[in-house]
Structures are given as C-alpha cells and as structure tokens.
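Structure data follow from protein_33.cif (mmCIF, C-alpha atoms):
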```
data_entry
loop_
_atom_site.group_PDB
_atom_site.id
_atom_site.type_symbol
_atom_site.label_atom_id
_atom_site.label_comp_id
_atom_site.auth_asym_id
_atom_site.auth_seq_id
_atom_site.Cartn_x
_atom_site.Cartn_y
_atom_site.Cartn_z
ATOM 1 C CA MET A 1 139.162 86.035 129.252
ATOM 2 C CA LYS A 2 135.722 84.469 129.830
ATOM 3 C CA LYS A 3 134.374 87.834 131.015
ATOM 4 C CA LEU A 4 135.623 89.486 127.824
ATOM 5 C CA VAL A 5 133.930 86.845 125.642
ATOM 6 C CA VAL A 6 130.660 87.163 127.588
ATOM 7 C CA CYS A 7 130.785 90.972 127.278
ATOM 8 C CA LEU A 8 131.415 90.771 123.532
ATOM 9 C CA ILE A 9 128.507 88.343 123.082
ATOM 10 C CA LEU A 10 126.208 90.635 125.078
ATOM 11 C CA ILE A 11 127.276 93.674 123.071
ATOM 12 C CA ALA A 12 126.761 91.839 119.785
ATOM 13 C CA GLY A 13 123.319 90.660 120.924
ATOM 14 C CA LEU A 14 122.290 94.185 121.906
ATOM 15 C CA ALA A 15 123.510 95.535 118.572
ATOM 16 C CA VAL A 16 121.436 92.968 116.683
ATOM 17 C CA MET A 17 118.355 93.733 118.785
ATOM 18 C CA ALA A 18 118.789 97.487 118.303
ATOM 19 C CA GLY A 19 119.029 97.009 114.543
ATOM 20 C CA CYS A 20 115.707 95.158 114.441
ATOM 21 C CA GLY A 21 113.716 98.327 115.176
ATOM 22 C CA GLY A 22 114.404 99.915 111.793
ATOM 23 C CA GLN A 23 113.011 99.274 108.354
ATOM 24 C CA LYS A 24 111.406 95.931 107.638
ATOM 25 C CA ALA A 25 110.640 96.175 103.926
ATOM 26 C CA SER A 26 113.058 94.965 101.298
ATOM 27 C CA ALA A 27 114.146 96.962 98.256
ATOM 28 C CA GLU A 28 111.990 94.634 96.150
ATOM 29 C CA ASP A 29 108.911 95.364 98.313
ATOM 30 C CA VAL A 30 109.174 99.106 97.618
ATOM 31 C CA LYS A 31 110.268 98.969 93.976
ATOM 32 C CA PHE A 32 106.829 100.275 92.930
ATOM 33 C CA LEU A 33 107.524 103.416 95.003
ATOM 34 C CA THR A 34 111.200 103.921 94.157
ATOM 35 C CA SER A 35 110.902 103.281 90.402
ATOM 36 C CA ALA A 36 109.628 106.834 89.813
ATOM 37 C CA GLU A 37 111.944 109.747 90.483
ATOM 38 C CA TYR A 38 108.975 111.780 91.741
ATOM 39 C CA TRP A 39 105.286 111.165 92.294
ATOM 40 C CA TYR A 40 103.228 114.302 91.520
ATOM 41 C CA PHE A 41 99.842 115.406 92.790
ATOM 42 C CA TYR A 42 98.432 118.564 91.204
ATOM 43 C CA ASP A 43 96.727 120.660 93.884
ATOM 44 C CA GLU A 44 94.131 122.764 92.065
ATOM 45 C CA VAL A 45 93.624 125.020 95.096
ATOM 46 C CA ILE A 46 97.193 126.352 95.091
ATOM 47 C CA GLY A 47 97.897 125.623 91.421
ATOM 48 C CA GLU A 48 101.091 123.681 92.168
ATOM 49 C CA ASN A 49 102.298 120.114 92.181
ATOM 50 C CA GLU A 50 103.135 118.248 95.337
ATOM 51 C CA LYS A 51 106.242 116.105 94.865
ATOM 52 C CA MET A 52 106.816 112.876 96.737
ATOM 53 C CA HIS A 53 110.068 110.936 96.483
ATOM 54 C CA PHE A 54 110.926 107.501 97.864
ATOM 55 C CA SER A 55 114.621 106.495 97.678
ATOM 56 C CA GLU A 56 116.104 103.025 97.567
ATOM 57 C CA ASP A 57 117.922 103.830 100.828
ATOM 58 C CA PHE A 58 114.459 104.324 102.425
ATOM 59 C CA SER A 59 114.794 108.104 102.692
ATOM 60 C CA PHE A 60 111.739 110.194 101.900
ATOM 61 C CA TYR A 61 110.757 113.672 100.665
ATOM 62 C CA TRP A 62 107.339 115.326 100.301
ATOM 63 C CA GLY A 63 106.952 118.971 99.385
ATOM 64 C CA CYS A 64 105.364 121.359 96.921
ATOM 65 C CA GLU A 65 107.239 122.499 93.853
ATOM 66 C CA CYS A 66 108.058 125.774 95.630
ATOM 67 C CA GLY A 67 110.180 123.744 98.059
ATOM 68 C CA GLU A 68 107.948 124.016 101.109
ATOM 69 C CA PRO A 69 107.018 120.808 102.939
ATOM 70 C CA VAL A 70 103.440 119.558 102.671
ATOM 71 C CA GLY A 71 101.902 119.775 106.141
ATOM 72 C CA ASP A 72 104.308 118.300 108.670
ATOM 73 C CA SER A 73 106.144 116.195 106.075
ATOM 74 C CA ASP A 74 109.458 117.812 106.999
ATOM 75 C CA LEU A 75 109.259 115.886 110.284
ATOM 76 C CA TYR A 76 109.704 112.612 108.404
ATOM 77 C CA GLU A 77 112.867 111.666 106.582
ATOM 78 C CA LEU A 78 112.536 107.876 106.344
ATOM 79 C CA PHE A 79 109.883 105.399 105.274
ATOM 80 C CA ASP A 80 109.009 101.758 105.617
ATOM 81 C CA TYR A 81 106.335 99.674 103.906
ATOM 82 C CA ASP A 82 104.180 96.856 105.251
ATOM 83 C CA LYS A 83 103.324 94.678 102.276
ATOM 84 C CA GLU A 84 100.481 92.864 104.075
ATOM 85 C CA THR A 85 98.576 95.972 105.194
ATOM 86 C CA GLN A 86 99.786 98.120 102.260
ATOM 87 C CA VAL A 87 100.750 100.934 104.614
ATOM 88 C CA ILE A 88 103.703 103.266 104.134
ATOM 89 C CA LYS A 89 105.010 104.426 107.486
ATOM 90 C CA LEU A 90 106.861 107.747 107.516
ATOM 91 C CA TYR A 91 109.181 108.375 110.443
ATOM 92 C CA ASN A 92 112.439 109.989 111.492
ATOM 93 C CA GLY A 93 115.534 108.820 113.284
ATOM 94 C CA PHE A 94 115.296 110.993 116.372
ATOM 95 C CA ASP A 95 111.880 110.574 118.045
ATOM 96 C CA ASN A 96 108.745 108.439 117.912
ATOM 97 C CA SER A 97 106.959 110.710 115.457
ATOM 98 C CA SER A 98 105.360 108.851 112.548
ATOM 99 C CA MET A 99 102.636 109.101 109.924
ATOM 100 C CA GLU A 100 100.905 106.431 107.872
ATOM 101 C CA LEU A 101 99.893 106.534 104.206
ATOM 102 C CA LYS A 102 97.589 103.782 102.974
ATOM 103 C CA VAL A 103 98.305 102.533 99.450
ATOM 104 C CA LEU A 104 94.925 102.113 97.753
ATOM 105 C CA ASP A 105 96.155 101.377 94.230
ATOM 106 C CA TYR A 106 99.277 101.647 92.118
ATOM 107 C CA SER A 107 100.685 101.029 88.668
ATOM 108 C CA ASP A 108 103.857 102.110 86.878
ATOM 109 C CA SER A 109 102.483 105.628 86.452
ATOM 110 C CA HIS A 110 99.836 106.046 89.203
ATOM 111 C CA LEU A 111 99.926 105.856 92.985
ATOM 112 C CA THR A 112 96.685 106.348 94.917
ATOM 113 C CA LEU A 113 97.129 107.052 98.616
ATOM 114 C CA GLU A 114 94.833 107.681 101.532
ATOM 115 C CA ILE A 115 96.441 110.426 103.601
ATOM 116 C CA GLU A 116 94.714 111.435 106.828
ATOM 117 C CA GLY A 117 91.328 110.375 105.430
ATOM 118 C CA GLU A 118 91.811 112.094 102.059
ATOM 119 C CA THR A 119 92.395 110.183 98.810
ATOM 120 C CA LYS A 120 95.080 111.591 96.511
ATOM 121 C CA GLU A 121 96.169 110.226 93.159
ATOM 122 C CA TYR A 122 99.821 110.808 92.322
ATOM 123 C CA THR A 123 101.253 110.318 88.849
ATOM 124 C CA THR A 124 104.739 110.219 87.375
ATOM 125 C CA GLU A 125 103.871 113.119 85.076
ATOM 126 C CA TYR A 126 104.437 116.705 86.088
ATOM 127 C CA ARG A 127 101.227 118.635 85.508
ATOM 128 C CA THR A 128 100.660 122.260 84.635
ATOM 129 C CA GLU A 129 97.367 124.030 84.306
#
```
Would you put the structure from the file into structure tokens?
Amino acid sequence: MKKLVVCLILIAGLAVMAGCGGQKASAEDVKFLTSAEYWYFYDEVIGENEKMHFSEDFSFYWGCECGEPVGDSDLYELFDYDKETQVIKLYNGFDNSSMELKVLDYSDSHLTLEIEGETKEYTTEYRTE
C-alpha cells in the first residue's frame, strides 16, 4: 500500500512539473490582444492585409487575407505573453520552435509590434486601397 501511495505522489508531482512548462500569462494579461477578433496590417507591396488573431485559449493565427501564412507563421499555433518584457512568444506543442514579437505600443484599436527587426502597426480596421 505504501508503494502505491508513493507512486501516486510521484506521478502527481511529475504531472504538476510537466504542466509548468506551458503558458504563463493569464487571460487578463492578454486581454489587449484577444479583445480584437483580428489585427490587420496592410502590406502595400502585395496590396493585401495580414491578419493576426490571438484567442483566449492562447491559440494563434497569422496569415494574409488570401489564407497563406505570413513567413513561417504556420509553424506556431500557440502564444504566451511576458508582461514584464512585453514580449509575445509564439510556439507550438510539438518541438522547441518559437518566435518572439515585441509589443512596442497598443491601444484598443492599434497594436505596434517589432517583428524580426521590423516595426509593423496593426489595427482593428480592415483596410482596402
């Protein structure tokens, strides 16, 4: 009986430790991201909007309006947010692949991000030429 109790305690401890590697932000921390259905960035070069979506379940989407992913964004399906450093970390559930987006500024209708050294301003309004 003692062995069974010890095994159950060890299993529970491992489960708790394994769960600690996931998201760290709370729903309140990311409300500024999830409050908009989509964040749009109009790319004048291709004449289309990029769409970025952050869900309350910490899932993530980033693609152009034609449905194609932006860069390697299809590698990332989840996100987390570090409130202190103001960094959004994109990642997936199957390998160590990740990408960071630095939040430079935000309001209810604007989200300015630094993405791989480039500054992009997203808005909640869909833009056409």
Using the chain letters and numbers from the file, which residues does the PyMOL selection byres ((chain A and resi 78) around 7) grab, as a PDB file with C-alpha atoms, in the coordinates of the input?
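See selection-v3.pdb below for the written result:
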```pdb
ATOM      1  CA  PHE A  58     114.459 104.324 102.425  1.00  0.00           C
ATOM      2  CA  SER A  59     114.794 108.104 102.692  1.00  0.00           C
ATOM      3  CA  PHE A  60     111.739 110.194 101.900  1.00  0.00           C
ATOM      4  CA  TYR A  76     109.704 112.612 108.404  1.00  0.00           C
ATOM      5  CA  GLU A  77     112.867 111.666 106.582  1.00  0.00           C
ATOM      6  CA  PHE A  79     109.883 105.399 105.274  1.00  0.00           C
ATOM      7  CA  LEU A  90     106.861 107.747 107.516  1.00  0.00           C
ATOM      8  CA  TYR A  91     109.181 108.375 110.443  1.00  0.00           C
ATOM      9  CA  ASN A  92     112.439 109.989 111.492  1.00  0.00           C
TER      10      ASN A  92
END
```
>> If we count all atoms listed in the file and set the cut-off at 6 Å, which residues sit around range 116-126 of chain A, ignoring sequence neighbours fewer than 5 positions away in its own chain? Please answer as a list in words.
In response: Trp39, Tyr40, Phe41, Ser109, His110 and Leu111 of chain A
Keeping only C-alpha atoms, write those residues as a short mmCIF file (atom, residue, chain, number, x, y, z; two decimals), keeping the file's coordinate frame.
```cif
data_model
loop_
_atom_site.label_atom_id
_atom_site.label_comp_id
_atom_site.auth_asym_id
_atom_site.auth_seq_id
_atom_site.Cartn_x
_atom_site.Cartn_y
_atom_site.Cartn_z
CA TRP A 39 105.29 111.16 92.29
CA TYR A 40 103.23 114.30 91.52
CA PHE A 41 99.84 115.41 92.79
CA SER A 109 102.48 105.63 86.45
CA HIS A 110 99.84 106.05 89.20
CA LEU A 111 99.93 105.86 92.98
#
```
> So which residues get picked by the PyMOL selection byres ((chain A and resi 31) around 12) here, written as a PyMOL selection string?
Replying inline: chain A and resi 25-30+32-37+54-58+81+83+106-108
Only C-alpha atoms, please: the residues just picked out, written as a compact mmCIF listing (two decimals), in the coordinates of the input.
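What ended up in again-v9.txt:
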```txt
# COMPACT_ATOMS: atom_id res chain seq x y z
CA ALA A 25 110.64 96.18 103.93
CA SER A 26 113.06 94.96 101.30
CA ALA A 27 114.15 96.96 98.26
CA GLU A 28 111.99 94.63 96.15
CA ASP A 29 108.91 95.36 98.31
CA VAL A 30 109.17 99.11 97.62
CA PHE A 32 106.83 100.28 92.93
CA LEU A 33 107.52 103.42 95.00
CA THR A 34 111.20 103.92 94.16
CA SER A 35 110.90 103.28 90.40
CA ALA A 36 109.63 106.83 89.81
CA GLU A 37 111.94 109.75 90.48
CA PHE A 54 110.93 107.50 97.86
CA SER A 55 114.62 106.50 97.68
CA GLU A 56 116.10 103.02 97.57
CA ASP A 57 117.92 103.83 100.83
CA PHE A 58 114.46 104.32 102.42
CA TYR A 81 106.34 99.67 103.91
CA LYS A 83 103.32 94.68 102.28
CA TYR A 106 99.28 101.65 92.12
CA SER A 107 100.68 101.03 88.67
CA ASP A 108 103.86 102.11 86.88
```
> Evaluating the PyMOL selection byres ((chain A and resi 99) around 6) on the displayed file yields which residues, as JSON, numbers by chain?
Replying inline: {"A": [89, 90, 98, 100]}
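Of note, CA of Gly47 in chain A and CA of Tyr61 in chain A are spaced 19.8 Å apart.
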>> For a test of reading the model, state the distance in Å between CA of Gln86 in chain A and CA of Leu101 in chain A, rounded to one decimal.
In response: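 CA of Gln86 in chain A sits 8.6 Å away from CA of Leu101 in chain A.
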>> For a test of reading the model, state the distance in Å between CA of Arg127 in chain A and CA of Asp72 in chain A, rounded to one decimal.
In response: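 So the two atoms, CA of Arg127 in chain A and CA of Asp72 in chain A, lie 23.4 Å apart.
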>> Counting all atoms listed in the file, which residues have an atom no more than 6 Å from (110.6, 116.0, 98.8) in the file's coordinates? Please list them as a PyMOL selection string.
In response: chain A and resi 51-53+61-63
